[in-house]
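Undergrad: Below: one structure in structure tokens.
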Amino acid sequence: MKAVVARVTEASVVVEGEVVGAIDEPGLLVLLGVHHDDGEDQAAVMARKLHELRILRDEESCATTGAPLLVVSQFTLYGDVRKGRRPSWTAAARPEVAEPLVQRVVDLLRTKGARVETGRFGAMMAVRSVNDGPFTVLLEV
């Protein structure tokens, strides 16, 4: 599992003109990709790391501040462009594998008490964010 995690002051996801998920206060925007070999173990580690990641102001985390997360499925994180000019998607999990694992990460975050908003799996989404810093990290488990 791979995530691009950005510290934001606000972020939203729009599908067909409708806001489907938004945070309007400082928190994390998480673009989450699922590898075809990922399973429950990776989802659990990813949820814990996202919740406890100390990249908010003053080295705080969502766990310590209650800051919200906006989690957006992003299969393109596993696009391989080492050969040619067209990405290969063979490392990305198929939708029937990826969707439940993305949902599992969200569910586990909520179990930990996190406030979580989401995009819409498989939809064409417009992701808007105001980066804070900017501060962005790549997280792989």
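In the structure tokens, the first chain shown is A, the next is B, and so on; residue numbers restart at 1 for each chain, and ligands run from 1 in the order shown.
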Using DSSP secondary structure from the backbone, list all strand (DSSP E or B) positions within region 9-135 of chain A, as a PyMOL selection string.
TA: chain A and resi 9-15+18-23+27-33+35+56+60+69-73+80+88+92+116-118+126-135
Undergrad: Find the residues around region 95-108 of chain A up to 12 Å (only C-alpha atoms counted), leave out those fewer than 3 positions away in its own chain, and share them as a PyMOL selection string.
TA: chain A and resi 1-3+30-51+68-75+78+89+91-92+111-123
Undergrad: Go through region 108-135 of chain A and flag each residue having an atom no more than 7 Å from region 5-21 of chain A; for those, report the closest pair of atoms plus their distance in Å to one decimal, using only C-alpha atoms, ordered by chain and rising number, as CSV.
TA:
residue,atom,partner,partner_atom,distance
A:Glu117,CA,A:Gly21,CA,5.2
A:Thr118,CA,A:Gly21,CA,5.2
A:Gly119,CA,A:Gly21,CA,5.6
A:Ala123,CA,A:Val15,CA,7.0
A:Met124,CA,A:Val15,CA,6.4
A:Met125,CA,A:Val15,CA,5.1
A:Ala126,CA,A:Val14,CA,5.0
A:Val127,CA,A:Val13,CA,4.6
A:Arg128,CA,A:Ser12,CA,5.2
A:Ser129,CA,A:Ala11,CA,4.1
A:Val130,CA,A:Val8,CA,5.5
A:Asn131,CA,A:Val8,CA,4.3
A:Asp132,CA,A:Val8,CA,4.7
A:Phe135,CA,A:Arg7,CA,5.5
Undergrad: Extract, using only C-alpha atoms, all DNA, RNA and protein residues at most 7 Å from Glu52 (chain A), discarding same-chain residues fewer than 4 positions from it, and format them as number ranges by chain.
TA: A: 48, 61-63
